[in-house]
file structure-v3.cif (mmCIF, C-alpha atoms)
data_final
loop_
_atom_site.group_PDB
_atom_site.id
_atom_site.type_symbol
_atom_site.label_atom_id
_atom_site.label_comp_id
_atom_site.auth_asym_id
_atom_site.auth_seq_id
_atom_site.Cartn_x
_atom_site.Cartn_y
_atom_site.Cartn_z
ATOM 1 C CA MET A 1 32.199 18.666 21.813
ATOM 2 C CA GLN A 2 29.406 16.552 20.354
ATOM 3 C CA GLU A 3 25.821 17.494 20.980
ATOM 4 C CA THR A 4 23.433 14.812 22.088
ATOM 5 C CA HIS A 5 19.920 14.640 20.741
ATOM 6 C CA THR A 6 17.086 12.310 21.549
ATOM 7 C CA LEU A 7 16.003 11.154 18.130
ATOM 8 C CA THR A 8 12.869 9.373 17.000
ATOM 9 C CA TYR A 9 12.477 7.521 13.711
ATOM 10 C CA PHE A 10 9.437 7.224 11.469
ATOM 11 C CA PRO A 11 8.842 5.855 7.978
ATOM 12 C CA VAL A 12 8.061 8.378 5.274
ATOM 13 C CA THR A 13 4.326 8.151 4.769
ATOM 14 C CA PRO A 14 1.967 10.611 3.059
ATOM 15 C CA ASP A 15 1.426 12.457 6.348
ATOM 16 C CA ARG A 16 5.219 12.915 6.709
ATOM 17 C CA TRP A 17 5.899 13.920 3.092
ATOM 18 C CA ALA A 18 6.196 17.624 3.998
ATOM 19 C CA ASP A 19 8.907 16.734 6.524
ATOM 20 C CA PHE A 20 10.803 14.791 3.860
ATOM 21 C CA GLU A 21 10.602 17.827 1.551
ATOM 22 C CA ARG A 22 11.720 20.088 4.388
ATOM 23 C CA LEU A 23 14.794 17.934 5.103
ATOM 24 C CA PHE A 24 15.800 17.643 1.438
ATOM 25 C CA GLY A 25 15.201 21.329 0.717
ATOM 26 C CA PRO A 26 13.898 22.975 -2.438
ATOM 27 C CA ASN A 27 16.541 21.362 -4.667
ATOM 28 C CA GLY A 28 16.210 17.808 -3.348
ATOM 29 C CA ALA A 29 19.625 17.534 -1.662
ATOM 30 C CA CYS A 30 22.424 15.570 -3.317
ATOM 31 C CA ALA A 31 22.171 17.496 -6.608
ATOM 32 C CA GLY A 32 18.429 16.952 -6.919
ATOM 33 C CA CYS A 33 18.508 13.185 -6.578
ATOM 34 C CA TRP A 34 15.663 12.999 -4.047
ATOM 35 C CA CYS A 35 17.004 9.500 -3.266
ATOM 36 C CA ALA A 36 15.650 8.152 -6.556
ATOM 37 C CA TRP A 37 19.051 7.074 -7.968
ATOM 38 C CA TRP A 38 18.746 3.392 -7.032
ATOM 39 C CA ARG A 39 15.051 3.180 -7.962
ATOM 40 C CA VAL A 40 15.370 4.224 -11.624
ATOM 41 C CA PRO A 41 17.507 2.816 -14.470
ATOM 42 C CA GLY A 42 20.391 5.132 -15.435
ATOM 43 C CA SER A 43 19.169 6.405 -18.804
ATOM 44 C CA GLU A 44 15.725 7.150 -17.388
ATOM 45 C CA PHE A 45 17.175 8.852 -14.284
ATOM 46 C CA ASN A 46 19.325 11.148 -16.420
ATOM 47 C CA LYS A 47 16.359 12.236 -18.559
ATOM 48 C CA MET A 48 13.846 12.982 -15.814
ATOM 49 C CA GLY A 49 15.584 15.791 -13.874
ATOM 50 C CA LYS A 50 15.126 16.681 -10.234
ATOM 51 C CA ASP A 51 11.341 17.139 -10.466
ATOM 52 C CA GLY A 52 11.050 13.677 -11.985
ATOM 53 C CA HIS A 53 13.289 12.247 -9.261
ATOM 54 C CA LYS A 54 11.099 13.822 -6.597
ATOM 55 C CA ASN A 55 8.014 12.387 -8.283
ATOM 56 C CA VAL A 56 9.497 8.865 -8.169
ATOM 57 C CA ILE A 57 9.759 9.043 -4.384
ATOM 58 C CA ARG A 58 6.456 10.872 -3.927
ATOM 59 C CA THR A 59 4.702 8.178 -5.983
ATOM 60 C CA ALA A 60 6.313 5.420 -3.898
ATOM 61 C CA VAL A 61 5.112 7.151 -0.733
ATOM 62 C CA GLN A 62 1.595 7.658 -2.116
ATOM 63 C CA GLU A 63 1.483 3.959 -3.040
ATOM 64 C CA GLY A 64 2.327 3.038 0.557
ATOM 65 C CA LEU A 65 5.876 1.758 -0.041
ATOM 66 C CA GLU A 66 7.550 3.720 2.813
ATOM 67 C CA PRO A 67 10.915 4.123 1.003
ATOM 68 C CA GLY A 68 12.873 5.019 4.109
ATOM 69 C CA LEU A 69 12.971 6.525 7.570
ATOM 70 C CA LEU A 70 13.232 10.069 8.831
ATOM 71 C CA ALA A 71 15.130 10.853 12.038
ATOM 72 C CA TYR A 72 13.547 13.621 14.085
ATOM 73 C CA ASP A 73 15.065 15.865 16.708
ATOM 74 C CA GLY A 74 11.806 16.791 18.396
ATOM 75 C CA THR A 75 9.692 17.957 15.469
ATOM 76 C CA ILE A 76 12.661 18.769 13.227
ATOM 77 C CA PRO A 77 13.415 16.283 10.425
ATOM 78 C CA ALA A 78 17.189 15.896 10.808
ATOM 79 C CA GLY A 79 18.199 12.793 8.840
ATOM 80 C CA TRP A 80 17.123 10.148 6.351
ATOM 81 C CA VAL A 81 17.960 6.572 5.468
ATOM 82 C CA ALA A 82 16.629 4.870 2.325
ATOM 83 C CA LEU A 83 15.632 1.265 2.973
ATOM 84 C CA ALA A 84 13.543 -1.228 1.024
ATOM 85 C CA PRO A 85 13.534 -4.794 -0.238
ATOM 86 C CA ARG A 86 16.362 -5.100 -2.764
ATOM 87 C CA GLU A 87 13.963 -5.757 -5.658
ATOM 88 C CA GLN A 88 12.737 -2.144 -5.375
ATOM 89 C CA TYR A 89 16.198 -1.004 -6.524
ATOM 90 C CA PRO A 90 16.718 -1.986 -10.182
ATOM 91 C CA ARG A 91 20.138 -0.325 -10.281
ATOM 92 C CA LEU A 92 21.524 -2.804 -7.771
ATOM 93 C CA ALA A 93 20.682 -5.714 -10.069
ATOM 94 C CA ARG A 94 22.449 -4.022 -12.992
ATOM 95 C CA SER A 95 25.511 -2.858 -11.058
ATOM 96 C CA ARG A 96 28.937 -4.254 -11.980
ATOM 97 C CA ASN A 97 29.930 -4.235 -8.316
ATOM 98 C CA LEU A 98 26.716 -4.503 -6.294
ATOM 99 C CA TYR A 99 24.888 -7.376 -7.954
ATOM 100 C CA PRO A 100 23.496 -10.015 -5.542
ATOM 101 C CA VAL A 101 25.947 -12.026 -3.453
ATOM 102 C CA ASP A 102 23.552 -14.988 -3.357
ATOM 103 C CA ASP A 103 19.860 -15.830 -3.668
ATOM 104 C CA ALA A 104 18.956 -14.732 -0.131
ATOM 105 C CA PRO A 105 16.167 -12.146 0.021
ATOM 106 C CA VAL A 106 17.559 -8.961 1.518
ATOM 107 C CA TRP A 107 16.485 -5.467 2.397
ATOM 108 C CA SER A 108 18.942 -2.843 1.188
ATOM 109 C CA ILE A 109 20.110 0.361 2.834
ATOM 110 C CA THR A 110 21.115 2.524 -0.116
ATOM 111 C CA CYS A 111 21.345 6.167 0.953
ATOM 112 C CA PHE A 112 21.631 8.609 3.808
ATOM 113 C CA PHE A 113 21.070 12.311 4.026
ATOM 114 C CA ILE A 114 21.770 14.167 7.248
ATOM 115 C CA ASP A 115 21.065 17.869 7.692
ATOM 116 C CA ARG A 116 24.336 19.766 7.967
ATOM 117 C CA HIS A 117 23.483 20.890 11.520
ATOM 118 C CA TYR A 118 23.407 17.230 12.639
ATOM 119 C CA ARG A 119 26.463 15.815 10.890
ATOM 120 C CA ARG A 120 29.408 14.359 12.835
ATOM 121 C CA GLN A 121 27.179 13.566 15.794
ATOM 122 C CA GLY A 122 26.649 9.830 15.324
ATOM 123 C CA MET A 123 23.285 10.068 13.581
ATOM 124 C CA MET A 124 24.230 7.607 10.828
ATOM 125 C CA GLU A 125 24.605 4.739 13.304
ATOM 126 C CA GLY A 126 21.223 5.572 14.837
ATOM 127 C CA LEU A 127 19.649 5.566 11.372
ATOM 128 C CA ILE A 128 21.246 2.195 10.606
ATOM 129 C CA ARG A 129 19.915 0.663 13.821
ATOM 130 C CA ALA A 130 16.454 2.130 13.198
ATOM 131 C CA ALA A 131 16.523 0.730 9.646
ATOM 132 C CA VAL A 132 17.381 -2.761 10.920
ATOM 133 C CA ASP A 133 14.548 -2.571 13.465
ATOM 134 C CA TYR A 134 12.123 -1.399 10.789
ATOM 135 C CA ALA A 135 13.165 -4.199 8.415
ATOM 136 C CA ARG A 136 12.804 -6.731 11.257
ATOM 137 C CA THR A 137 9.211 -5.623 11.914
ATOM 138 C CA HIS A 138 8.488 -6.103 8.198
ATOM 139 C CA GLY A 139 9.782 -9.671 8.095
ATOM 140 C CA ALA A 140 13.314 -9.149 6.780
ATOM 141 C CA ALA A 141 15.911 -11.781 7.625
ATOM 142 C CA ILE A 142 18.927 -9.887 6.223
ATOM 143 C CA VAL A 143 19.711 -6.207 5.787
ATOM 144 C CA GLU A 144 22.426 -5.367 3.276
ATOM 145 C CA ALA A 145 24.392 -2.159 2.681
ATOM 146 C CA TYR A 146 26.990 -0.837 0.238
ATOM 147 C CA PRO A 147 29.023 1.768 2.143
ATOM 148 C CA LEU A 148 32.327 3.341 1.298
ATOM 149 C CA ASP A 149 35.451 2.313 3.155
ATOM 150 C CA PRO A 150 37.376 5.602 2.978
ATOM 151 C CA HIS A 151 41.068 5.642 3.801
ATOM 152 C CA GLU A 152 41.381 9.385 3.403
ATOM 153 C CA LYS A 153 39.144 12.370 4.028
ATOM 154 C CA ILE A 154 36.342 12.745 1.487
ATOM 155 C CA SER A 155 33.418 15.137 1.222
ATOM 156 C CA ALA A 156 30.221 14.488 3.165
ATOM 157 C CA GLY A 157 28.309 14.392 -0.126
ATOM 158 C CA SER A 158 30.361 11.411 -1.261
ATOM 159 C CA LEU A 159 29.318 9.398 1.792
ATOM 160 C CA TYR A 160 25.666 9.050 0.796
ATOM 161 C CA THR A 161 25.877 5.224 0.916
ATOM 162 C CA GLY A 162 27.367 5.340 4.413
ATOM 163 C CA VAL A 163 30.704 4.504 5.985
ATOM 164 C CA ALA A 164 31.825 0.895 6.509
ATOM 165 C CA SER A 165 33.136 1.511 10.045
ATOM 166 C CA THR A 166 29.729 2.829 11.114
ATOM 167 C CA PHE A 167 28.018 -0.278 9.767
ATOM 168 C CA ILE A 168 30.545 -2.461 11.619
ATOM 169 C CA ALA A 169 29.740 -0.563 14.834
ATOM 170 C CA ALA A 170 26.060 -1.370 14.199
ATOM 171 C CA GLY A 171 26.784 -5.109 13.887
ATOM 172 C CA PHE A 172 27.168 -5.533 10.110
ATOM 173 C CA VAL A 173 29.837 -7.797 8.618
ATOM 174 C CA GLU A 174 31.471 -7.667 5.207
ATOM 175 C CA VAL A 175 30.314 -10.559 2.995
ATOM 176 C CA ALA A 176 31.896 -9.464 -0.304
ATOM 177 C CA ARG A 177 33.977 -6.691 -1.797
ATOM 178 C CA ARG A 178 33.814 -5.578 -5.377
ATOM 179 C CA GLY A 179 35.618 -2.420 -6.362
ATOM 180 C CA ASP A 180 35.662 0.186 -3.600
ATOM 181 C CA HIS A 181 32.414 -0.922 -1.994
ATOM 182 C CA PRO A 182 32.232 -3.631 0.616
ATOM 183 C CA ILE A 183 28.905 -5.432 0.650
ATOM 184 C CA MET A 184 27.872 -5.688 4.268
ATOM 185 C CA ARG A 185 25.095 -7.625 5.961
ATOM 186 C CA TYR A 186 23.257 -7.788 9.223
ATOM 187 C CA LYS A 187 21.501 -11.103 9.796
ATOM 188 C CA ILE A 188 18.306 -10.635 11.768
ATOM 189 C CA ILE A 189 17.375 -14.307 11.886
#
call {"tool": "encode", "arguments": {"input": "structure-v3.cif", "output": "structure tokens"}}
result
Amino acid sequence: MQETHTLTYFPVTPDRWADFERLFGPNGACAGCWCAWWRVPGSEFNKMGKDGHKNVIRTAVQEGLEPGLLAYDGTIPAGWVALAPREQYPRLARSRNLYPVDDAPVWSITCFFIDRHYRRQGMMEGLIRAAVDYARTHGAAIVEAYPLDPHEKISAGSLYTGVASTFIAAGFVEVARRGDHPIMRYKII
């Protein structure tokens, strides 16, 4: 039986940094990535280690960039979605499979992290919808995502970019497919 939670969503700002740290835990979740993977070129990412990864996100927050949204169950930070204008993610531009589809300016959803106590309860779709609403309020016309389209069971850790069927349920459509990743979009305007 699935539990139901009333969730609220807030951007990560300096006053919510401690909640972000609490959700990600002392090691930064996802092998110490701290959701910096897309924000840093590969060679640099590999050299900086988990403390450097954390500093990338902390610096973005301190500079007012709001690199994503936290989902709260009451006062408990329960989930995360990384969202920003595509140009904040240099790895996307260099990717063999995720380079731009066209010249349209897009906001990109790149990562999710959901606390293990909240997984398999539909939180990802709520985070997607909250991300679209947030992007809309910041002038975005298109939100883009790069989920997996699994045809067999895979580990939760491998689903950090999301699941295609969940994006479809949230109104996204596939606009391209390169390799295993569909490129999906939600047109706001």
call {"tool": "closest_residue", "arguments": {"input": "structure-v3.cif", "among": "A:Val12, A:Val173, A:Val143, A:Ile76", "to": "A:Val61", "atoms": "all atoms listed in the file"}}
result
A:Val12
call {"tool": "atom_distance", "arguments": {"input": "structure-v3.cif", "atom1": "atom CA of A:Ala78", "atom2": "atom CA of A:Pro26"}}
result
15.4 Å
call {"tool": "atom_distance", "arguments": {"input": "structure-v3.cif", "atom1": "atom CA of A:Pro105", "atom2": "atom CA of A:Thr8"}}
result
27.6 Å
call {"tool": "atom_distance", "arguments": {"input": "structure-v3.cif", "atom1": "atom CA of A:Phe45", "atom2": "atom CA of A:Arg16"}}
result
24.5 Å
call {"tool": "closest_atom_pairs", "arguments": {"input": "structure-v3.cif", "of": "stretch 6-90 of chain A", "to": "stretch 123-138 of chain A", "cutoff": "10 Å", "atoms": "only C-alpha atoms", "output": "Markdown table"}}
result
| residue | atom | partner | partner_atom | distance |
| --- | --- | --- | --- | --- |
| A:Leu7 | CA | A:Gly126 | CA | 8.3 |
| A:Thr8 | CA | A:Ala130 | CA | 8.9 |
| A:Tyr9 | CA | A:Ala130 | CA | 6.7 |
| A:Phe10 | CA | A:Ala130 | CA | 8.8 |
| A:Pro11 | CA | A:Tyr134 | CA | 8.4 |
| A:Gly68 | CA | A:Ala131 | CA | 7.9 |
| A:Leu69 | CA | A:Ala131 | CA | 7.1 |
| A:Leu70 | CA | A:Leu127 | CA | 8.2 |
| A:Ala71 | CA | A:Leu127 | CA | 7.0 |
| A:Ala78 | CA | A:Met123 | CA | 8.9 |
| A:Gly79 | CA | A:Met123 | CA | 7.5 |
| A:Trp80 | CA | A:Leu127 | CA | 7.3 |
| A:Val81 | CA | A:Leu127 | CA | 6.2 |
| A:Ala82 | CA | A:Ala131 | CA | 8.4 |
| A:Leu83 | CA | A:Ala131 | CA | 6.8 |
| A:Ala84 | CA | A:Ala135 | CA | 8.0 |
| A:Pro85 | CA | A:Ala135 | CA | 8.7 |
call {"tool": "residues_near_point", "arguments": {"input": "structure-v3.cif", "point": "(37.3, 0.6, 2.2)", "cutoff": "7 Å", "atoms": "all atoms listed in the file", "output": "PyMOL selection string"}}
result
chain A and resi 148-151+164+180-182
call {"tool": "closest_residue", "arguments": {"input": "structure-v3.cif", "among": "A:Gln88, A:Ser95, A:Thr166, A:Ser43", "to": "A:Ser108", "atoms": "all atoms listed in the file"}}
result
A:Gln88
call {"tool": "resolve_selection", "arguments": {"input": "structure-v3.cif", "expression": "the PyMOL selection byres ((chain A and resi 41) around 10)", "output": "ChimeraX atom specification"}}
result
/A:36-40,42-46,89-92,94
call {"tool": "closest_residue", "arguments": {"input": "structure-v3.cif", "among": "A:Tyr146, A:Phe24, A:Phe172, A:Tyr118", "to": "A:Arg86", "atoms": "all atoms listed in the file"}}
result
A:Tyr146
call {"tool": "axis_aligned_box", "arguments": {"input": "structure-v3.cif", "around": "stretch 32-43 of chain A", "padding_each_side": "5 Å", "output": "lines of an AutoDock Vina configuration file"}}
result
center_x = 17.7
center_y = 9.9
center_z = -11.0
size_x = 15.3
size_y = 24.1
size_z = 25.5
call {"tool": "decode", "arguments": {"input": "structure-v3.cif", "residues": "stretch 111-128 of chain A", "atoms": "N, CA and C atoms", "output": "CSV table (one decimal), in the first residue's frame"}}
result
chain,number,residue,atom,x,y,z
A,111,CYS,N,18.6,15.8,-12.7
A,111,CYS,CA,18.8,14.8,-11.6
A,111,CYS,C,17.7,14.8,-10.6
A,112,PHE,N,17.5,13.7,-10.0
A,112,PHE,CA,16.6,13.5,-8.9
A,112,PHE,C,17.4,12.8,-7.7
A,113,PHE,N,17.0,13.1,-6.5
A,113,PHE,CA,17.4,12.2,-5.4
A,113,PHE,C,16.2,12.2,-4.5
A,114,ILE,N,15.7,11.0,-4.1
A,114,ILE,CA,14.6,10.8,-3.2
A,114,ILE,C,15.1,10.0,-2.1
A,115,ASP,N,14.8,10.4,-0.9
A,115,ASP,CA,15.2,9.7,0.3
A,115,ASP,C,14.5,8.3,0.3
A,116,ARG,N,15.3,7.3,0.7
A,116,ARG,CA,14.8,5.9,0.5
A,116,ARG,C,13.5,5.7,1.2
A,117,HIS,N,13.1,6.4,2.2
A,117,HIS,CA,11.8,6.3,2.9
A,117,HIS,C,10.6,6.8,2.0
A,118,TYR,N,10.9,7.5,1.0
A,118,TYR,CA,9.9,8.1,0.1
A,118,TYR,C,9.9,7.6,-1.3
A,119,ARG,N,10.7,6.6,-1.6
A,119,ARG,CA,10.7,6.0,-2.9
A,119,ARG,C,9.5,5.2,-3.2
A,120,ARG,N,9.2,5.0,-4.5
A,120,ARG,CA,8.1,4.2,-4.9
A,120,ARG,C,6.7,4.7,-4.4
A,121,GLN,N,6.6,6.0,-4.2
A,121,GLN,CA,5.4,6.7,-3.8
A,121,GLN,C,4.9,7.8,-4.7
A,122,GLY,N,5.5,7.9,-5.9
A,122,GLY,CA,5.1,8.9,-6.8
A,122,GLY,C,5.7,10.3,-6.7
A,123,MET,N,6.7,10.4,-5.8
A,123,MET,CA,7.3,11.7,-5.6
A,123,MET,C,8.0,12.2,-6.8
A,124,MET,N,8.5,11.4,-7.7
A,124,MET,CA,9.2,11.9,-8.9
A,124,MET,C,8.3,12.8,-9.7
A,125,GLU,N,7.1,12.3,-10.0
A,125,GLU,CA,6.1,13.1,-10.8
A,125,GLU,C,5.8,14.4,-10.1
A,126,GLY,N,5.6,14.4,-8.8
A,126,GLY,CA,5.4,15.7,-8.1
A,126,GLY,C,6.6,16.6,-8.3
A,127,LEU,N,7.8,16.1,-8.2
A,127,LEU,CA,9.0,16.9,-8.4
A,127,LEU,C,9.0,17.5,-9.8
A,128,ILE,N,8.7,16.7,-10.8
A,128,ILE,CA,8.7,17.1,-12.2
A,128,ILE,C,7.7,18.3,-12.3
